[in-house]
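Worksheet: one structure, shown below.
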Amino acid sequence: MIIDIKDLCKTYVNGEMEVPVLHDVCLSVDEGEFVSIMGPSGSGKSTLMNIIGCLDRPTSGTYLFNGEDVASMTDDGLSDLRNRGVGFVFQQFNLLPRETAAQNVALPLVYANVPAAERERRAREALDRVGLSDRADFLPTQLSGGQKQRVAVARAIVNDPSILLADEPTGALDSKSGEQLMDLFCDLNRQGMTIVMITHERGVARYAHRVLLMNDGVLTEGDISGEGGIK
Amino acid sequence: MVRNSGFGENVKLAFRGISTHKMRSFLTMLGIIIGIAAIIAIVSTIRGTNEQIKQNLIGAGTNSVTVSIKQNDWDYEFDWMGIPDGFYPVSEDSMQQIRELPGVRSAARFVRRNSSSQPVSAGTTRLDGCGIYGVEKDYFDTAGLQVVKGRLFGDVDYRNFSKVMLLDRSAAKSLFGTADPVGKTVEIGDEAFMVVGVIDTRSTFRPTIETMDDYYTYMGNSTPKVYLTIAEWPIVFQFDEPEAVMVRAKDTDSMTEIGRRTAEILNSALGISDTSEKAPEGGDEQNIRYKADDLLEQARQIQDLSRSTNSMLIWIAGISLLVGGIGVMNIMLVSVTERTREIGLKKALGARKRRILSQFLTEAAVLTSIGGVLGVAVGIALAYVIHFVAQVPVAISVPSIIVSVVFSTVVGLVFGLLPSIQAARLDPIEALRYE
């Protein structure tokens with residue numbers, strides 16, 4: 001089990017007001033799974049995503065990542081976990097504008113202290129896996145939205161993470177690019193990559209094996225159309 | 001180790017960040033550049049003066065040491081105190097011993113008096129406070145003096161007791177103004193002497209400080225000097241006055257030793273032990289003996305003087321560096337705010353706090369180091385401008401360049417710390433959301 005979350009609560013303190021965001025969330029994700037979490041904005045899915053991605057800590061409850069208790073980890077420990085264990089894909093790509101595609105992809109390897117030559121090799125390998133080997137030396141501004149997001153995916157998988165975490169990955173893409181991206185996710189999943197994806201688009205969520213619904217901070221197993229799994 | 005700290009990576013990032021905002025980076029550096037340039041220019045001129053005093057006064061100029069009769073550390077003045085008991089003219093035997101000391105190039109005896117006992121005048125013009133010298137023929141070469149007008153004394157002058165005189169530039173100017181003094185008459189007391197030449201330490205005038213006399217000239221308190229042959233000395237003063245000795249060393253390093261040993265030879269010829277620093281208890285503590293001028297000590301005094309007058313300028317330059325540092329801090333805070341999203345992303349991708357901290361610290365340090373290097377270049381240029389405009393000697397010191405660059409790096413580290421800590425502490429979630 002890669003992710004094992006039990007009775008997780010998250011409460012933000014806003015001035016003197018306590019704002020509960022997540023209520024007793026339980027979630028377990030096994031290796032090789034492709035899970036999507038659906039929910040309207042403000043439902044707390046981004047907060048859950050941040051906790052899964054070790055960017056944030058739960059207020060209460062337990063979260064085991066690969067069997068390790070995240071709550072007891074130091075700040076540096078969490079940094080290392082994000083670096084080696086988690087690959088992020090953001091809605092807005094978040095590529096560094098002045099770096100080439102290959103340099104962007106290699107960034108996590110910099111923090112993993114991989115030597116420069118090997119970084120370069122692995123970055124190009126990852127770009128090859130997302131079908132962009134011919135765009136390695138392009139700047140983000142020279143790429144289309146779909147290409148940018150595939151560069152971001154290459155960056156997410158370059159360090160062989162335990163899990164690929166995608167937050168509205170198709171949110172900034174046209175439908176065709178979105179479909180291509182989902183095909184890529186499915187390919188990666190078939191190759192063994194565990195994927196957790198947040199989306200509010202039904203059509204996108206359907207690519208996953210399992211769809212969970214988030215509503216007002218409560219997570220439930222969803223049956224959006226009765227047919228889960230790969231398209 | 002290097003790979004772990006990501007130092008090279010950080011430096012690369014820093015250069016890229018700086019070159020992205022060239023104008024802004026340059027303006028930020030300007031404070032550092034001005035501060036460092038001022039320090040380099042000031043230190044170079046201080047050092048220039050000092051180096052010249054040291055090299056030319058102590059040594060490279062003439063390497064001449066005066067060994068004269070002193071009471072404690074003060075010149076013993078015959079004019080006031082008469083000739084001390086037990087002192088006799090320096091024998092030819094002693095001179096031979098001195099000339100045979102290792103490292104001695106030449107040596108000459110001379111007698112020195114002050115015009116307070118015998119007024120020096122040309123017509124109605126009196127030359128007050130001048131030094132009167134009775135010298136051996138070798139004296140001028142030994143003292144590193146050259147004739148600039150007329151001639152020096154010749155053997156004939158000594159044989160015939162010719163009533164001839166040489167003036168130094170200062171005496172010539174005071175007595176005759178711009179007129180040529182050669183062939184004119186100068187009186188000492190009631191005796192008249194014919195001026196045969198004018199001498200100086202150099203044949204041409206340069207506004208640089210190379211000797212103590214140059215320094216006194218520069219400070220406006222030089223003593224004019226007139227020279228007679230030692231043969232004609234008794235015409236004005238006394239027979240058998242004990243002389244001082246001017247020794248010229250072959251190199252600077254042996255000067256102190258030669259001065260000490262010359263004094264030893266002269267003292268022992270008079271039966272004065274060099275070991276008894278003070279006269280026996282009670283009695284008259286005269287403590288009169290031959291002693292070499294401690295040129296090193298004199299040079300040090302001059303150096304201290306120029307140092308203290310310039311230390312204030314160093315402080316002002318330091319304040320300019322402080323202001324420059326605050327400018328760096330300001331621009332780094334702006335830079336951190338601008339790159340909030342980038343910082344958030346890097347943290348999400350696994351950059352540790354320390355990594356972000358060192359990235360921004362490196363950027364600040366690289367920024368100020370470049371400023372420091374540019375400042376050094378501007379400072380050196382400035383020093384040479386000062387050299388040519390104000391005719392002040394300059395000497396660029398390598399240690400001060402190294403210290404300046406290191407110091408500017410430290411300014412970057414100190415003033416970059418606060419913005420860097422701020423960057424490192426950013427919450428990645430907030431930072432990623434930042435627009």
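Each chain of the structure tokens is named A, B, ... in the order shown, its residues numbered from 1; ligands are numbered from 1 in display order.
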> Skipping near chain neighbours, those fewer than 6 positions away, what residues fall within 9 Å of B:Ile331 using only C-alpha atoms, listed as an NGL selection string?
Replying inline: :B and (24-25 or 28)
If you keep N, CA and C atoms, can you produce a file of those selected residues as a PDB file, in the first residue's frame?
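result.pdb written:
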```
ATOM      1  N   ARG B  24      18.979  46.507 -13.134  1.00  0.00           N
ATOM      2  CA  ARG B  24      18.666  46.491 -11.712  1.00  0.00           C
ATOM      3  C   ARG B  24      19.869  46.005 -10.910  1.00  0.00           C
ATOM      4  N   SER B  25      20.500  44.947 -11.404  1.00  0.00           N
ATOM      5  CA  SER B  25      21.659  44.399 -10.696  1.00  0.00           C
ATOM      6  C   SER B  25      22.787  45.420 -10.629  1.00  0.00           C
ATOM      7  N   THR B  28      22.059  48.079  -8.148  1.00  0.00           N
ATOM      8  CA  THR B  28      22.220  47.540  -6.796  1.00  0.00           C
ATOM      9  C   THR B  28      23.693  47.476  -6.416  1.00  0.00           C
TER      10      THR B  28
END
```
>> Based on the backbone DSSP call, show me all residues of stretch 20-82 of chain A assigned alpha helix (DSSP H), as a count of residues only.
In response: 16
>> Env of A:Ala136: 9 Å cut, atoms = only C-alpha atoms, seq-sep filter 5 positions within chain, self excluded. Answer as a list in words.
In response: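 Residues near the query, excluding close chain neighbours: Thr100, Ala101, Ala102, Gln103, Ala123, Arg124, Leu127, Asp128 and Val151 of chain A.
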> So which residues touch stretch 109-113 of chain A within 8 Å, counting only C-alpha atoms, skipping near sequence neighbours fewer than 3 positions away, as an MDAnalysis selection string?
Replying inline: (chainID A and resid 80 83:84 106 116 119 158:159) or (chainID B and resid 3:4 6 349:352)
>> Need the shell around A:Leu78: protein/DNA/RNA residues with any atom at most 10 Å away, counting only C-alpha atoms. Skip same-chain ones fewer than 3 positions apart. Format as a ChimeraX atom specification?
In response: /A:53-57,70-75,81-85 /B:347-348,350-352
>> Please list as a PyMOL selection string every residue within 6 Å of B:Lys250, counting only C-alpha atoms and excluding residues in the same chain fewer than 4 positions away.
In response: chain B and resi 103-105
